[in-house]
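Encoded as structure tokens, the structure appears first; notes follow it.
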Amino acid sequence: MRVAVLLPCYNEEAAIADTIAGFRQSLPGATIYVFDNNSKDRTVEIARQHGAVVRSVMHQGKGNVVRRMFADVDADVYVMADGDLTYDPVAAPQLVQKLWGEQLDMVVGTRHHEQEEAYRGGHVLGNKAFTGLLTWLFGRSFSDIFSGYRAFSRRYAKSFPALSEGFETETEMSVHALELKMPVGEIATKYGARPEGSESKLSTFRDGWRILKTIGTLFRVEQPRAFYGTLAFAIQLAAVLLAVPLFFTFFETGQVPRFPTAILVTGMSVVAVLTFFAGLIISAITRQRREVRRLAYLAIPAPGDPKQD
């Protein structure tokens with residue numbers, strides 16, 4: 001079993017050495033890759049000194065790094081973490097064992113923190129809110145959709161399109177697994193504070209807004225019938241509310257004095273019908289596209305399958 005540890009990094013000179021050492025100790029047979037994203041400090045130099053395979057990604061953003069990692073690295077199991085030592089390397093063998101032993105495609109290391117500075121209260125609340133939103137839109141979710149500590153099978157890594165550019169990539173990962181109905185699992189892992197000299201690159205409001213847009217886009221793309229059906233219903237409901245006074249006036253006087261409103265209501269009703277049927281057409285296209293993705297995913301053996309040997 002070939003295991004690859006993937007560490008996306010940006011200015012992590014304060015933590016990358018201990019992170020590499022931790023994963024080398026917990027997964028002694030694994031190849032450790034550091035994908036540097038234009039660091040301005042000594043991250044690359046230190047990573048090389050500690051024996052990691054270093055690759056450079058010029059396009060800024062974690063999503064761009066994940067795209068390169070899955071494209072360039074060939075392994076049976078991929079363990080992804082951050083290079084800031086917040087994720088516990090000791091839990092890595094558990095992630096790998098669960099994934100391989102139960103033939104899963106993704107295992108999420110859900111974060112449990114004991115240090116208040118490790119996980120800010122606003123981020124905890126935002127995580128719960130977005131997790132609930134994802135559950136409401138897609139029917140099911142994970143308990144920690146933003147965790148960057150995950151183990152993947154080869155067939156997950158090679159079928160994941162990785163279209164996101166920034167921190168919203170974890171959301172895309174979760175939706176990809178949910179939409180293809182992959183076997184997945186979770187393991188509780190410790191989450192610690194960054195060491196001194198390491199700073200978070202997450203912008204609460206900017207990245208939160210990008211994540212919200214990503215969820216909306218994925219809902220529109222992956223669930224077009226629900227998205228366009230809801231939009232059509234909202235437009236038609238607004239048209240009905242505007243039309244109610246017209247009907248009362250017509251029944252009382254036999255006339256329609258607010259002719260522009262009547263034209264608006266008619267136009268909105270036409271738009272609602274067109275939106276509904278557009279959703280049905282796009283839904284059929286999405287189903288075909290999902291079938292193609294599913295077949296590409298199934299073309300690769302499951303983890304632990306003898307055909308992988």
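In the structure tokens, the first chain shown is A, the next is B, and so on; residue numbers restart at 1 for each chain, and ligands run from 1 in the order shown.
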Q | DSSP alpha helix (DSSP H) residues within region 2-250 of chain A, as a ChimeraX atom specification | A | /A:16-26,43-49,62-72,92-101,121-138,154-157,169-179,204-222,224-250
Q: Please provide as an MDAnalysis selection string all residues within 12 Å of Lys98 (chain A), with the sequence filter that same-chain residues fewer than 3 positions apart are discarded (counting only C-alpha atoms).
A: chainID A and resid 77 91:95 101:109 150:153 183:187 303:304
Go ahead and save the residues from that selection, with C-alpha atoms, as a short mmCIF file (atom, residue, chain, number, x, y, z; two decimals), in the first residue's frame.
```cif
data_model
loop_
_atom_site.label_atom_id
_atom_site.label_comp_id
_atom_site.auth_asym_id
_atom_site.auth_seq_id
_atom_site.Cartn_x
_atom_site.Cartn_y
_atom_site.Cartn_z
CA VAL A 77 -4.00 6.26 -0.06
CA ALA A 91 -4.20 10.07 14.17
CA ALA A 92 -2.98 9.47 10.61
CA PRO A 93 -2.65 5.64 10.94
CA GLN A 94 -6.25 5.50 12.18
CA LEU A 95 -7.44 7.43 9.13
CA GLY A 101 -9.93 -1.72 6.15
CA GLU A 102 -13.50 -0.62 5.44
CA GLN A 103 -12.87 0.12 1.74
CA LEU A 104 -13.96 3.73 2.07
CA ASP A 105 -13.18 6.56 -0.32
CA MET A 106 -12.80 9.38 2.18
CA VAL A 107 -12.32 9.59 5.93
CA VAL A 108 -12.65 13.01 7.53
CA GLY A 109 -10.69 13.83 10.66
CA ARG A 150 -8.64 13.76 5.44
CA ALA A 151 -7.65 10.43 3.95
CA PHE A 152 -8.65 9.63 0.37
CA SER A 153 -8.65 6.56 -1.81
CA PRO A 183 -18.63 5.22 1.12
CA VAL A 184 -17.16 7.66 3.63
CA GLY A 185 -16.37 7.82 7.34
CA GLU A 186 -15.23 10.11 10.13
CA ILE A 187 -12.76 9.89 13.01
CA PRO A 303 -9.01 0.55 -1.57
CA GLY A 304 -8.04 -2.88 -0.29
#
```
Q: Compare A:Val90, A:Ala4, A:Ala226, A:Val265 by their minimum atom-to-atom distance to Val73 (chain A), counting only C-alpha atoms, and give me the closest one.
A: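 Closest candidate: A:Ala4.
Atom to atom, CA of Gly139 (chain A) and CA of Arg154 (chain A) stand 25.7 Å apart.
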Q | Within 12 Å of Ala234 (chain A) using only C-alpha atoms, minus same-chain residues under 5 positions, as number ranges by chain | A | A: 227-229, 239-241, 268-269, 271-273, 275-276
